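J.: Contents of target.cif (mmCIF, C-alpha atoms) are given next:
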```
data_work
loop_
_atom_site.label_atom_id
_atom_site.label_comp_id
_atom_site.auth_asym_id
_atom_site.auth_seq_id
_atom_site.Cartn_x
_atom_site.Cartn_y
_atom_site.Cartn_z
CA MET M 30 -68.66 -43.21 0.12
CA LYS M 31 -64.94 -42.84 0.72
CA PRO M 32 -63.32 -45.81 2.46
CA SER M 33 -61.34 -45.41 5.67
CA LYS M 34 -58.37 -47.24 4.12
CA PRO M 35 -57.12 -47.80 0.53
CA LEU M 36 -58.76 -50.53 -1.52
CA LYS M 37 -56.16 -53.25 -1.98
CA ILE M 38 -56.27 -54.57 -5.57
CA PHE M 39 -54.30 -57.54 -6.97
CA ILE M 40 -54.04 -57.86 -10.77
CA LEU M 41 -53.39 -61.39 -12.04
CA GLU M 42 -52.64 -60.99 -15.77
CA ASP M 43 -50.00 -62.90 -17.80
CA ASP M 44 -50.03 -60.37 -20.67
CA LEU M 45 -47.25 -58.00 -19.57
CA TRP M 46 -48.45 -55.03 -21.64
CA TYR M 47 -52.12 -55.39 -20.64
CA GLY M 48 -51.32 -55.98 -16.96
CA THR M 49 -49.01 -52.96 -16.87
CA MET M 50 -51.69 -50.82 -18.50
CA LEU M 51 -54.29 -51.85 -15.89
CA GLU M 52 -51.81 -51.30 -13.04
CA HIS M 53 -50.98 -47.77 -14.25
CA TYR M 54 -54.59 -46.85 -14.90
CA LEU M 55 -55.93 -48.06 -11.53
CA SER M 56 -53.00 -46.49 -9.63
CA LEU M 57 -54.28 -43.09 -10.76
CA ASN M 58 -56.87 -43.38 -8.01
CA PRO M 59 -55.18 -42.45 -4.70
CA ASP M 60 -57.68 -44.66 -2.85
CA TYR M 61 -56.35 -47.78 -4.61
CA GLN M 62 -53.30 -49.82 -3.58
CA VAL M 63 -52.39 -51.93 -6.63
CA GLN M 64 -50.08 -54.94 -7.11
CA ARG M 65 -49.60 -56.87 -10.37
CA PHE M 66 -48.77 -60.58 -10.82
CA GLU M 67 -47.99 -62.49 -14.02
CA THR M 68 -48.26 -66.05 -12.65
CA GLU M 69 -50.65 -67.96 -10.44
CA LYS M 70 -47.73 -69.10 -8.27
CA SER M 71 -46.47 -65.58 -7.51
CA PHE M 72 -50.06 -64.45 -6.86
CA PHE M 73 -50.80 -67.13 -4.25
CA GLN M 74 -47.46 -66.47 -2.54
CA LYS M 75 -48.84 -63.02 -1.68
CA ILE M 76 -52.53 -63.77 -1.09
CA HIS M 77 -51.93 -63.82 2.68
CA GLU M 78 -51.78 -60.01 2.38
CA GLN M 79 -55.58 -60.21 1.99
CA PRO M 80 -56.47 -58.13 -1.07
CA ASP M 81 -59.94 -56.63 -1.18
CA VAL M 82 -60.30 -57.22 -4.93
CA VAL M 83 -58.64 -59.41 -7.55
CA THR M 84 -58.85 -58.75 -11.28
CA LEU M 85 -58.31 -62.17 -12.88
CA ASP M 86 -57.36 -63.01 -16.45
CA TYR M 87 -59.57 -65.97 -17.36
CA THR M 88 -57.06 -67.59 -19.75
CA LEU M 89 -53.70 -67.72 -18.01
CA ALA M 90 -50.86 -69.18 -20.11
CA GLU M 91 -49.26 -70.90 -17.11
CA GLY M 92 -49.82 -74.67 -17.07
CA ASP M 93 -53.47 -75.74 -17.13
CA ALA M 94 -54.58 -72.79 -15.01
CA ASP M 95 -57.90 -71.23 -15.92
CA GLY M 96 -60.10 -68.61 -14.33
CA SER M 97 -62.62 -70.98 -12.78
CA LYS M 98 -59.94 -72.96 -10.92
CA VAL M 99 -58.15 -69.85 -9.68
CA LEU M 100 -61.48 -68.31 -8.64
CA LYS M 101 -62.29 -71.42 -6.60
CA LYS M 102 -58.90 -71.34 -4.84
CA ILE M 103 -59.29 -67.64 -4.01
CA LYS M 104 -62.77 -68.18 -2.57
CA GLU M 105 -61.56 -71.19 -0.55
CA PHE M 106 -58.81 -69.01 0.94
CA ASN M 107 -61.16 -66.11 1.78
CA ALA M 108 -64.74 -65.89 0.51
CA ASP M 109 -64.78 -62.13 1.20
CA ILE M 110 -62.19 -61.38 -1.51
CA GLU M 111 -64.09 -60.04 -4.52
CA VAL M 112 -62.97 -61.36 -7.95
CA ILE M 113 -63.54 -59.55 -11.26
CA ILE M 114 -62.96 -61.80 -14.27
CA ILE M 115 -61.39 -60.18 -17.36
CA SER M 116 -61.60 -62.44 -20.43
CA GLY M 117 -60.91 -62.36 -24.12
CA GLN M 118 -64.01 -64.47 -24.81
CA ASP M 119 -67.62 -63.37 -24.57
CA GLN M 120 -69.40 -66.69 -24.06
CA ILE M 121 -72.53 -66.08 -21.96
CA SER M 122 -72.52 -69.60 -20.50
CA THR M 123 -68.96 -69.17 -19.19
CA ALA M 124 -69.80 -65.81 -17.64
CA VAL M 125 -72.92 -67.21 -15.95
CA GLU M 126 -71.01 -70.17 -14.46
CA LEU M 127 -68.28 -67.89 -13.11
CA LEU M 128 -70.82 -65.53 -11.55
CA LYS M 129 -72.56 -68.52 -9.95
CA SER M 130 -69.18 -69.60 -8.55
CA GLY M 131 -68.77 -66.28 -6.75
CA ALA M 132 -67.23 -63.86 -9.24
CA PHE M 133 -68.31 -60.27 -8.60
CA ASP M 134 -68.36 -59.36 -12.32
CA TYR M 135 -67.27 -60.58 -15.77
CA LEU M 136 -65.70 -58.14 -18.26
CA VAL M 137 -64.74 -58.84 -21.86
CA LYS M 138 -61.41 -57.40 -23.08
CA ASP M 139 -61.91 -54.54 -25.51
CA GLU M 140 -61.10 -50.83 -25.79
CA ASP M 141 -63.67 -49.96 -23.07
CA THR M 142 -62.60 -52.56 -20.50
CA LYS M 143 -60.51 -50.24 -18.36
CA ASP M 144 -63.37 -47.72 -18.06
CA ARG M 145 -65.89 -50.43 -17.18
CA LEU M 146 -63.45 -51.83 -14.64
CA TRP M 147 -63.08 -48.36 -13.11
CA ASN M 148 -66.87 -48.11 -12.68
CA VAL M 149 -67.16 -51.65 -11.32
CA LEU M 150 -64.50 -50.89 -8.70
CA LEU M 151 -66.27 -47.67 -7.67
CA HIS M 152 -69.50 -49.66 -7.27
CA LEU M 153 -67.72 -52.39 -5.31
CA GLN M 154 -66.04 -49.75 -3.14
CA GLU M 155 -69.43 -48.29 -2.31
CA ILE M 156 -70.84 -51.73 -1.43
CA LYS M 157 -67.88 -52.45 0.86
CA GLY M 158 -68.37 -49.08 2.53
CA LEU M 159 -72.04 -49.85 3.13
CA LYS M 160 -71.19 -53.31 4.50
CA LYS M 161 -68.70 -51.76 6.89
CA GLU M 162 -71.29 -49.21 7.99
CA VAL M 163 -73.79 -52.02 8.65
CA GLU M 164 -71.18 -53.94 10.67
CA THR M 165 -70.42 -50.78 12.65
CA LEU M 166 -74.12 -50.33 13.39
CA LYS M 167 -74.41 -53.97 14.44
CA ASP M 168 -71.41 -53.59 16.74
CA ALA M 169 -72.96 -50.43 18.18
CA LEU M 170 -76.23 -52.30 18.69
CA LYS M 171 -74.36 -55.05 20.49
CA LYS M 172 -72.66 -52.48 22.74
CA ASN M 173 -76.04 -50.86 23.40
CA PHE M 174 -77.19 -54.18 24.81
CA ASP M 175 -74.19 -54.69 27.05
CA PHE M 176 -76.31 -56.14 29.85
CA SER M 177 -74.26 -54.54 32.62
CA LYS M 178 -75.20 -51.13 31.16
CA VAL M 179 -78.77 -51.76 30.00
CA ILE M 180 -79.94 -53.85 32.94
CA ILE M 181 -79.41 -51.29 35.67
CA GLY M 182 -78.56 -52.32 39.22
CA GLN M 183 -75.83 -53.28 41.67
CA SER M 184 -77.64 -55.54 44.11
CA GLU M 185 -76.50 -59.06 44.84
CA ALA M 186 -79.72 -60.37 43.31
CA ILE M 187 -79.17 -58.68 39.94
CA ASN M 188 -75.46 -59.58 39.90
CA SER M 189 -76.51 -63.23 40.11
CA VAL M 190 -78.67 -62.64 37.02
CA PHE M 191 -75.66 -61.10 35.19
CA LYS M 192 -73.66 -64.29 35.78
CA LEU M 193 -76.43 -66.42 34.29
CA ILE M 194 -76.72 -64.12 31.26
CA GLU M 195 -72.98 -64.54 30.66
CA LYS M 196 -73.33 -68.32 30.75
CA ALA M 197 -76.36 -68.25 28.43
CA ALA M 198 -74.59 -65.98 25.91
CA LYS M 199 -71.68 -68.41 25.50
CA THR M 200 -73.86 -71.22 24.11
CA ASN M 201 -77.11 -71.72 22.20
CA ILE M 202 -78.87 -73.46 25.09
CA THR M 203 -82.62 -72.86 25.34
CA VAL M 204 -83.30 -70.26 28.04
CA SER M 205 -86.40 -69.95 30.21
CA ILE M 206 -86.86 -66.58 31.93
CA THR M 207 -89.26 -66.33 34.84
CA GLY M 208 -90.30 -63.40 36.97
CA GLU M 209 -93.14 -61.09 37.85
CA THR M 210 -94.64 -58.71 35.30
CA GLY M 211 -92.42 -55.70 34.69
CA THR M 212 -89.13 -57.26 35.86
CA GLY M 213 -87.47 -56.89 32.42
CA LYS M 214 -87.71 -60.34 30.84
CA GLU M 215 -87.46 -59.14 27.22
CA MET M 216 -84.47 -56.97 28.09
CA VAL M 217 -82.68 -60.03 29.47
CA ALA M 218 -83.54 -61.99 26.31
CA LYS M 219 -82.07 -59.20 24.16
CA ALA M 220 -78.96 -59.05 26.33
CA ILE M 221 -78.40 -62.78 25.78
CA HIS M 222 -78.94 -62.54 22.02
CA TYR M 223 -76.81 -59.45 21.37
CA ASN M 224 -73.93 -60.84 23.41
CA SER M 225 -74.03 -64.27 21.73
CA SER M 226 -72.58 -65.63 18.48
CA LYS M 227 -75.99 -64.96 16.86
CA HIS M 228 -75.87 -61.19 17.43
CA LYS M 229 -75.52 -60.44 13.68
CA TYR M 230 -78.80 -62.20 12.95
CA PRO M 231 -82.42 -61.26 13.81
CA PHE M 232 -83.92 -61.03 17.29
CA VAL M 233 -87.67 -61.61 16.92
CA ALA M 234 -89.98 -61.14 19.91
CA LEU M 235 -93.59 -62.28 20.15
CA ASN M 236 -95.94 -61.90 23.10
CA VAL M 237 -98.07 -65.05 22.96
CA ALA M 238 -100.76 -63.52 25.19
CA ALA M 239 -101.18 -60.55 22.84
CA ILE M 240 -102.15 -62.66 19.78
CA PRO M 241 -105.63 -64.26 19.51
CA PRO M 242 -105.29 -68.08 19.67
CA ASP M 243 -106.78 -68.58 16.18
CA LEU M 244 -104.15 -66.27 14.66
CA LEU M 245 -101.13 -67.38 16.67
CA GLU M 246 -100.30 -70.43 14.53
CA SER M 247 -100.09 -68.42 11.30
CA GLU M 248 -98.11 -65.74 13.13
CA LEU M 249 -95.54 -68.31 14.24
CA PHE M 250 -95.33 -70.56 11.17
CA GLY M 251 -96.53 -68.40 8.29
CA TYR M 252 -98.82 -69.56 5.49
CA GLU M 253 -99.01 -70.22 1.76
CA LYS M 254 -101.26 -68.39 -0.66
CA GLY M 255 -104.81 -69.76 -0.47
CA ALA M 256 -104.22 -71.58 2.82
CA PHE M 257 -107.38 -69.98 4.23
CA THR M 258 -109.82 -67.20 3.44
CA GLY M 259 -107.90 -63.94 3.21
CA ALA M 260 -104.51 -65.60 2.53
CA ASN M 261 -103.90 -63.67 -0.68
CA GLY M 262 -100.19 -64.32 -0.72
CA LYS M 263 -97.39 -66.23 0.98
CA ARG M 264 -96.21 -64.94 4.34
CA ILE M 265 -93.32 -66.21 6.43
CA GLY M 266 -93.85 -66.62 10.17
CA LYS M 267 -91.83 -65.49 13.16
CA PHE M 268 -89.75 -68.68 13.24
CA GLU M 269 -88.54 -68.17 9.66
CA GLU M 270 -88.04 -64.47 10.31
CA ALA M 271 -85.76 -65.37 13.21
CA ASN M 272 -83.79 -68.02 11.30
CA LYS M 273 -80.09 -68.09 12.29
CA GLY M 274 -80.96 -65.71 15.13
CA THR M 275 -83.18 -65.82 18.23
CA ILE M 276 -86.93 -66.03 18.74
CA PHE M 277 -88.28 -64.80 22.08
CA LEU M 278 -91.69 -66.16 23.06
CA ASP M 279 -93.04 -64.12 25.96
CA GLU M 280 -95.86 -65.45 28.17
CA ILE M 281 -95.40 -68.96 26.76
CA ALA M 282 -97.77 -70.37 29.42
CA GLU M 283 -100.68 -68.69 27.65
CA MET M 284 -100.28 -70.90 24.56
CA ASP M 285 -103.03 -73.53 24.07
CA LEU M 286 -102.20 -77.24 24.18
CA HIS M 287 -102.74 -77.78 20.45
CA LEU M 288 -100.09 -75.22 19.54
CA GLN M 289 -97.79 -76.42 22.30
CA ALA M 290 -97.58 -79.76 20.46
CA LYS M 291 -96.44 -77.96 17.30
CA ILE M 292 -93.82 -75.96 19.20
CA LEU M 293 -92.54 -79.24 20.65
CA ARG M 294 -92.12 -80.62 17.14
CA VAL M 295 -90.16 -77.51 16.07
CA LEU M 296 -87.82 -78.02 19.02
CA GLN M 297 -87.34 -81.69 18.18
CA GLU M 298 -87.09 -81.54 14.38
CA ARG M 299 -85.71 -78.01 13.90
CA GLU M 300 -88.05 -77.44 10.98
CA ILE M 301 -91.48 -75.95 10.25
CA THR M 302 -94.13 -76.24 7.57
CA ARG M 303 -96.16 -73.19 6.64
CA ILE M 304 -99.95 -73.48 6.94
CA GLY M 305 -101.32 -74.79 3.65
CA GLY M 306 -97.88 -75.90 2.47
CA ASN M 307 -96.07 -79.20 2.02
CA THR M 308 -92.45 -78.04 1.97
CA THR M 309 -90.50 -78.14 5.22
CA VAL M 310 -88.23 -75.23 6.12
CA THR M 311 -85.09 -76.13 8.08
CA LEU M 312 -84.37 -73.82 11.00
CA ASP M 313 -81.28 -72.77 12.91
CA VAL M 314 -82.88 -70.66 15.59
CA ARG M 315 -82.35 -70.19 19.29
CA ILE M 316 -85.45 -70.19 21.47
CA ILE M 317 -85.83 -68.07 24.60
CA VAL M 318 -89.14 -68.22 26.46
CA ALA M 319 -90.53 -66.22 29.35
CA THR M 320 -93.49 -66.36 31.70
CA HIS M 321 -94.67 -64.79 34.93
CA LYS M 322 -96.33 -68.09 35.86
CA ASN M 323 -94.88 -71.18 37.50
CA LEU M 324 -94.64 -73.60 34.55
CA LEU M 325 -94.32 -76.64 36.79
CA LYS M 326 -97.64 -75.77 38.43
CA GLU M 327 -99.14 -75.30 34.98
CA VAL M 328 -97.95 -78.82 34.11
CA GLN M 329 -99.55 -80.18 37.28
CA ASN M 330 -102.78 -78.35 36.38
CA LYS M 331 -102.70 -80.02 32.90
CA THR M 332 -102.59 -76.63 31.14
CA PHE M 333 -99.01 -77.05 29.93
CA ARG M 334 -97.48 -80.10 28.28
CA GLU M 335 -94.98 -81.93 30.45
CA ASP M 336 -92.79 -82.95 27.49
CA LEU M 337 -92.62 -79.34 26.27
CA TYR M 338 -91.83 -78.17 29.80
CA TYR M 339 -88.73 -80.36 29.94
CA ARG M 340 -87.71 -79.31 26.41
CA LEU M 341 -87.90 -75.64 27.35
CA LEU M 342 -86.32 -75.97 30.77
CA GLY M 343 -82.72 -75.47 29.58
CA LEU M 344 -81.09 -72.69 31.59
CA THR M 345 -83.60 -70.99 33.88
CA ILE M 346 -83.08 -67.35 34.80
CA GLU M 347 -85.37 -66.12 37.56
CA LEU M 348 -85.61 -62.34 37.71
CA PRO M 349 -86.00 -60.93 41.20
CA PRO M 350 -88.83 -58.45 41.85
CA LEU M 351 -87.73 -54.89 42.47
CA ARG M 352 -88.68 -55.11 46.18
CA GLU M 353 -85.94 -57.78 46.61
CA ARG M 354 -83.20 -55.77 44.91
CA GLY M 355 -82.12 -53.52 47.79
CA ASN M 356 -81.24 -49.99 46.71
CA ASP M 357 -81.55 -50.74 42.99
CA TYR M 358 -84.86 -48.84 43.00
CA LEU M 359 -82.89 -45.63 43.61
CA ILE M 360 -80.26 -46.37 40.94
CA LEU M 361 -83.05 -47.13 38.46
CA ALA M 362 -85.02 -44.03 39.47
CA LYS M 363 -82.02 -41.78 38.79
CA HIS M 364 -81.44 -43.53 35.45
CA PHE M 365 -85.07 -42.99 34.39
CA MET M 366 -84.91 -39.36 35.51
CA GLN M 367 -81.81 -38.63 33.41
CA SER M 368 -83.22 -40.44 30.39
CA PHE M 369 -86.65 -38.75 30.51
CA CYS M 370 -85.23 -35.27 31.11
CA SER M 371 -82.74 -35.72 28.26
CA ASP M 372 -85.38 -37.03 25.83
CA ASN M 373 -87.73 -34.15 26.64
CA ARG M 374 -85.05 -31.43 26.88
CA LEU M 375 -85.82 -30.71 30.52
CA PRO M 376 -83.40 -29.66 33.27
CA ILE M 377 -82.11 -32.66 35.21
CA LYS M 378 -84.17 -33.09 38.37
CA THR M 379 -83.28 -34.67 41.69
CA LEU M 380 -85.22 -36.55 44.36
CA SER M 381 -85.77 -34.98 47.78
CA ALA M 382 -85.05 -37.07 50.88
CA GLU M 383 -88.80 -37.36 51.52
CA ALA M 384 -89.41 -38.57 47.95
CA ILE M 385 -86.68 -41.20 48.32
CA SER M 386 -88.19 -42.33 51.61
CA LYS M 387 -91.61 -42.66 49.98
CA LEU M 388 -90.17 -44.79 47.17
CA LYS M 389 -88.25 -46.91 49.66
CA GLN M 390 -91.41 -47.84 51.55
CA TYR M 391 -93.25 -48.96 48.42
CA ASP M 392 -93.23 -52.55 47.15
CA PHE M 393 -93.65 -51.83 43.42
CA PRO M 394 -96.05 -54.63 42.43
CA GLY M 395 -95.50 -53.53 38.80
CA ASN M 396 -91.73 -53.67 39.32
CA ILE M 397 -89.37 -51.73 37.00
CA ARG M 398 -92.12 -50.81 34.54
CA GLU M 399 -94.15 -49.24 37.35
CA LEU M 400 -91.15 -47.38 38.78
CA LYS M 401 -90.42 -45.89 35.34
CA SER M 402 -94.00 -44.62 35.03
CA ILE M 403 -93.97 -43.19 38.57
CA ILE M 404 -90.69 -41.32 37.96
CA GLU M 405 -91.74 -39.90 34.59
CA LEU M 406 -95.03 -38.63 36.02
CA ALA M 407 -93.20 -37.15 39.03
CA ILE M 408 -90.89 -35.17 36.71
CA VAL M 409 -93.92 -33.76 34.88
CA MET M 410 -95.72 -32.90 38.14
CA ALA M 411 -92.74 -31.34 39.93
CA GLU M 412 -92.87 -27.53 39.99
CA LYS M 413 -89.15 -27.14 40.67
CA GLU M 414 -85.97 -29.05 39.94
CA VAL M 415 -86.35 -31.06 43.14
CA ILE M 416 -89.01 -33.79 43.16
CA LEU M 417 -91.00 -33.73 46.40
CA ALA M 418 -92.82 -36.59 48.09
CA ALA M 419 -96.13 -35.07 46.96
CA ASP M 420 -94.99 -35.45 43.33
CA ILE M 421 -94.60 -39.22 43.77
CA ASN M 422 -97.97 -40.68 42.82
CA ILE M 423 -98.17 -43.99 44.69
CA ASP M 424 -101.35 -45.77 45.72
CA ASN M 425 -100.49 -46.87 49.25
CA SER M 426 -103.89 -48.50 49.68
CA GLU M 427 -102.43 -51.66 48.17
CA HIS M 428 -99.28 -51.60 50.25
CA ILE M 429 -100.42 -53.91 53.04
CA GLY M 430 -101.65 -56.52 50.58
CA ASN M 431 -98.35 -56.37 48.72
CA LEU M 432 -96.46 -56.58 51.98
CA LEU M 433 -97.74 -60.10 52.58
CA ASN M 434 -96.17 -61.26 49.30
CA LYS M 435 -92.78 -61.02 50.99
CA GLU M 436 -91.28 -63.48 53.43
CA THR M 437 -89.65 -61.56 56.26
CA SER M 438 -89.42 -61.38 60.05
CA LEU M 439 -92.32 -60.37 62.31
CA LYS M 440 -90.29 -57.33 63.44
CA GLU M 441 -89.87 -56.21 59.81
CA TYR M 442 -93.61 -56.65 59.19
CA GLU M 443 -94.26 -54.50 62.25
CA ARG M 444 -91.85 -51.79 61.06
CA GLN M 445 -93.39 -51.62 57.59
CA ILE M 446 -96.96 -51.52 58.92
CA ILE M 447 -96.05 -48.62 61.23
CA GLN M 448 -94.35 -46.82 58.34
CA PHE M 449 -97.41 -47.39 56.14
CA PHE M 450 -99.72 -45.69 58.68
CA LEU M 451 -97.25 -42.84 59.27
CA ASN M 452 -97.30 -42.14 55.53
CA LYS M 453 -101.07 -42.51 55.39
CA TYR M 454 -101.68 -39.99 58.20
CA ASN M 455 -99.01 -37.48 57.10
CA GLN M 456 -96.51 -38.44 59.82
CA ASP M 457 -99.01 -37.71 62.63
CA VAL M 458 -97.43 -39.75 65.46
CA ILE M 459 -100.35 -39.25 67.87
CA MET M 460 -102.90 -40.44 65.30
CA VAL M 461 -100.79 -43.52 64.41
CA SER M 462 -100.28 -44.24 68.11
CA LYS M 463 -104.07 -44.36 68.58
CA LYS M 464 -104.79 -46.32 65.40
CA LEU M 465 -102.24 -49.05 66.17
CA ASN M 466 -102.50 -48.90 69.95
CA ILE M 467 -98.75 -48.27 70.26
CA GLY M 468 -97.12 -45.89 72.71
CA LYS M 469 -95.86 -42.60 71.31
CA SER M 470 -92.50 -43.16 73.00
CA THR M 471 -92.11 -46.43 71.05
CA LEU M 472 -92.65 -44.62 67.77
CA TYR M 473 -90.22 -41.83 68.66
CA ARG M 474 -87.62 -44.38 69.73
CA MET M 475 -87.93 -46.21 66.40
CA MET M 476 -87.49 -42.87 64.61
CA GLN M 477 -84.32 -42.11 66.58
CA LYS M 478 -82.89 -45.50 65.64
CA GLY M 479 -83.73 -44.93 61.98
CA GLU M 480 -86.10 -47.93 61.86
CA ILE M 481 -88.89 -45.68 60.58
CA SER M 482 -88.73 -42.26 58.95
CA LYS M 483 -90.76 -39.16 59.60
#
```
Render the structure in this file as structure tokens.
T.:
Amino acid sequence: MKPSKPLKIFILEDDLWYGTMLEHYLSLNPDYQVQRFETEKSFFQKIHEQPDVVTLDYTLAEGDADGSKVLKKIKEFNADIEVIIISGQDQISTAVELLKSGAFDYLVKDEDTKDRLWNVLLHLQEIKGLKKEVETLKDALKKNFDFSKVIIGQSEAINSVFKLIEKAAKTNITVSITGETGTGKEMVAKAIHYNSSKHKYPFVALNVAAIPPDLLESELFGYEKGAFTGANGKRIGKFEEANKGTIFLDEIAEMDLHLQAKILRVLQEREITRIGGNTTVTLDVRIIVATHKNLLKEVQNKTFREDLYYRLLGLTIELPPLRERGNDYLILAKHFMQSFCSDNRLPIKTLSAEAISKLKQYDFPGNIRELKSIIELAIVMAEKEVILAADINIDNSEHIGNLLNKETSLKEYERQIIQFFLNKYNQDVIMVSKKLNIGKSTLYRMMQKGEISK
């Protein structure tokens, strides 16, 4: 793997002939930028130039300098600088100690040293290239979770959520995400993690409601071999898996009281013990929880521990339902259309005015998840490149019930009820007039004002 820039190599060798030989030999590779130093002092005067690799003579003649001390100073300056020790002695114990102290390799001076050094540098170059590729992928992953791009919307409600995500990402405060099913709670958790200082470490998600209660403890904390029947080997749990990163516990309200007590202890002590084990494992993990329930009501109902509730409270982010996000439904619909058509190599489709009107009148009890399913099915059902109202598969029978979930004015309730019956009876004004005992002129007047659509 060829690097994007030359590998900067410093040679610290007090034997003039040997150092010159290494400098000449390594300079034959056009991908290497080589500098040679005969003294520790001259070397450290230039270390600010940040070499990638240092070849270090273990037995320098200058003062009481030796390889182990110089290695330590290099690593204290920058732990990422790789050091290859070149020594005239072949004591295994010395080599082992130097490798433990951070040396990349230990080579004994003989007629084959320069060739072995060449191979070691090629190997190191490949490792550095892979590390850079991993960092590039991590940076790309972080950009992919730029919340202003992944969490689609422009409404005032969602902009308020963006501000809270920004605040959460700047610290490691515990975050509690609330909202109806399908509002995007895990996406918000990922946006916080991948925009925080922990973005290089794991993001581990677990839906508490999806794991049987008798298996949830082992899933969270792991177990030792022989801890219970079927435990044929050691297994780490989700908390250990997420160490240094973030664990996201979705539907936390579904956790039983016994396990809630253990989660409380993890939050307090920042350590866990695997099932069947005695050794504690120290944790540095951020916790983000989510629920569609009202945790305070769960506390009042004695189904959720009060002490755990206050521990988890931290920064609360309440996600608005789609019906309270203005025209975001249309922005999201277009996003889902482009994504689905692209993934399935289909021509980009558009929504007709009637289809948009039908979506606008719907409350989306399943929120963003439901909208995505509706749009994808509509693309499949549409015969042409324009999606018609008939292609939008919405069950309006639930609309009136969903309508009462919203707090709005009596006039708005009236408008939505009229619109519901117009949609139900295929825009038959006379039929709706009879069903609701409303004058036809009233309905036509509302249409002219744009209060209802036909």
J.: Name the closest residue to Arg303 of chain M among the candidates M:Ala256, M:Ile346, M:Leu85, M:Ile281; distances are taken between atoms, counting all atoms listed in the file.
T.: M:Ala256
J.: Name all residues at most 12 Å from segment 241-244 of chain M (count all atoms listed in the file; drop same-chain ones fewer than 5 positions away) and give them as a count of residues only.
T.: 15
J.: Mind pulling up the distance from atom CA of Ile40 of chain M to atom CA of Val82 of chain M?
T.: 8.6 Å
J.: Skipping near chain neighbours, those fewer than 3 positions away, what residues fall within 12 Å of Thr311 of chain M using all atoms listed in the file, listed as an mmCIF file with C-alpha atoms, in the frame of the given file?
T.:
```cif
data_model
loop_
_atom_site.group_PDB
_atom_site.id
_atom_site.type_symbol
_atom_site.label_atom_id
_atom_site.label_comp_id
_atom_site.auth_asym_id
_atom_site.auth_seq_id
_atom_site.Cartn_x
_atom_site.Cartn_y
_atom_site.Cartn_z
ATOM 1 C CA PHE M 268 -89.750 -68.680 13.240
ATOM 2 C CA GLU M 269 -88.540 -68.170 9.660
ATOM 3 C CA ALA M 271 -85.760 -65.370 13.210
ATOM 4 C CA ASN M 272 -83.790 -68.020 11.300
ATOM 5 C CA LYS M 273 -80.090 -68.090 12.290
ATOM 6 C CA VAL M 295 -90.160 -77.510 16.070
ATOM 7 C CA LEU M 296 -87.820 -78.020 19.020
ATOM 8 C CA GLN M 297 -87.340 -81.690 18.180
ATOM 9 C CA GLU M 298 -87.090 -81.540 14.380
ATOM 10 C CA ARG M 299 -85.710 -78.010 13.900
ATOM 11 C CA GLU M 300 -88.050 -77.440 10.980
ATOM 12 C CA ILE M 301 -91.480 -75.950 10.250
ATOM 13 C CA THR M 302 -94.130 -76.240 7.570
ATOM 14 C CA ARG M 303 -96.160 -73.190 6.640
ATOM 15 C CA THR M 308 -92.450 -78.040 1.970
ATOM 16 C CA VAL M 314 -82.880 -70.660 15.590
#
```
J.: Can you measure atom CA of Ala132 of chain M to atom CA of Asp119 of chain M for me? One decimal in Å is fine.
T.: 15.3 Å
J.: Could you expand the PyMOL selection byres ((chain M and resi 211-219) around 6) into the explicit residues it covers here, written as a ChimeraX atom specification?
T.: /M:209-210,220-223,395-398
J.: Please identify all polymer residues within 10 Å of Phe72 of chain M, counting all atoms listed in the file, omitting same-chain residues fewer than 3 positions from it, and present them as an MDAnalysis selection string.
T.: chainID M and resid 39:42 64:69 75:77 83
J.: Just write the chosen residues, C-alpha atoms, as an mmCIF file, keeping the file's coordinate frame.
T.:
```
data_model
loop_
_atom_site.group_PDB
_atom_site.id
_atom_site.type_symbol
_atom_site.label_atom_id
_atom_site.label_comp_id
_atom_site.auth_asym_id
_atom_site.auth_seq_id
_atom_site.Cartn_x
_atom_site.Cartn_y
_atom_site.Cartn_z
ATOM 1 C CA PHE M 39 -54.300 -57.540 -6.970
ATOM 2 C CA ILE M 40 -54.040 -57.860 -10.770
ATOM 3 C CA LEU M 41 -53.390 -61.390 -12.040
ATOM 4 C CA GLU M 42 -52.640 -60.990 -15.770
ATOM 5 C CA GLN M 64 -50.080 -54.940 -7.110
ATOM 6 C CA ARG M 65 -49.600 -56.870 -10.370
ATOM 7 C CA PHE M 66 -48.770 -60.580 -10.820
ATOM 8 C CA GLU M 67 -47.990 -62.490 -14.020
ATOM 9 C CA THR M 68 -48.260 -66.050 -12.650
ATOM 10 C CA GLU M 69 -50.650 -67.960 -10.440
ATOM 11 C CA LYS M 75 -48.840 -63.020 -1.680
ATOM 12 C CA ILE M 76 -52.530 -63.770 -1.090
ATOM 13 C CA HIS M 77 -51.930 -63.820 2.680
ATOM 14 C CA VAL M 83 -58.640 -59.410 -7.550
#
```
J.: How far is it from atom CA of Ser482 of chain M to atom CA of Asp457 of chain M, in Å with one decimal?
T.: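 Between these atoms lies a distance of 11.8 Å.
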J.: Please evaluate the PyMOL selection byres ((chain M and resi 135) around 8) against the displayed coordinates and give the resulting residues as an mmCIF file with C-alpha atoms, keeping the file's coordinate frame.
T.:
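This is the output file expr13.cif:
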```
data_model
loop_
_atom_site.group_PDB
_atom_site.id
_atom_site.type_symbol
_atom_site.label_atom_id
_atom_site.label_comp_id
_atom_site.auth_asym_id
_atom_site.auth_seq_id
_atom_site.Cartn_x
_atom_site.Cartn_y
_atom_site.Cartn_z
ATOM 1 C CA ILE M 113 -63.540 -59.550 -11.260
ATOM 2 C CA ILE M 114 -62.960 -61.800 -14.270
ATOM 3 C CA ILE M 115 -61.390 -60.180 -17.360
ATOM 4 C CA SER M 116 -61.600 -62.440 -20.430
ATOM 5 C CA ALA M 124 -69.800 -65.810 -17.640
ATOM 6 C CA LEU M 127 -68.280 -67.890 -13.110
ATOM 7 C CA LEU M 128 -70.820 -65.530 -11.550
ATOM 8 C CA ALA M 132 -67.230 -63.860 -9.240
ATOM 9 C CA PHE M 133 -68.310 -60.270 -8.600
ATOM 10 C CA ASP M 134 -68.360 -59.360 -12.320
ATOM 11 C CA LEU M 136 -65.700 -58.140 -18.260
ATOM 12 C CA VAL M 137 -64.740 -58.840 -21.860
#
```
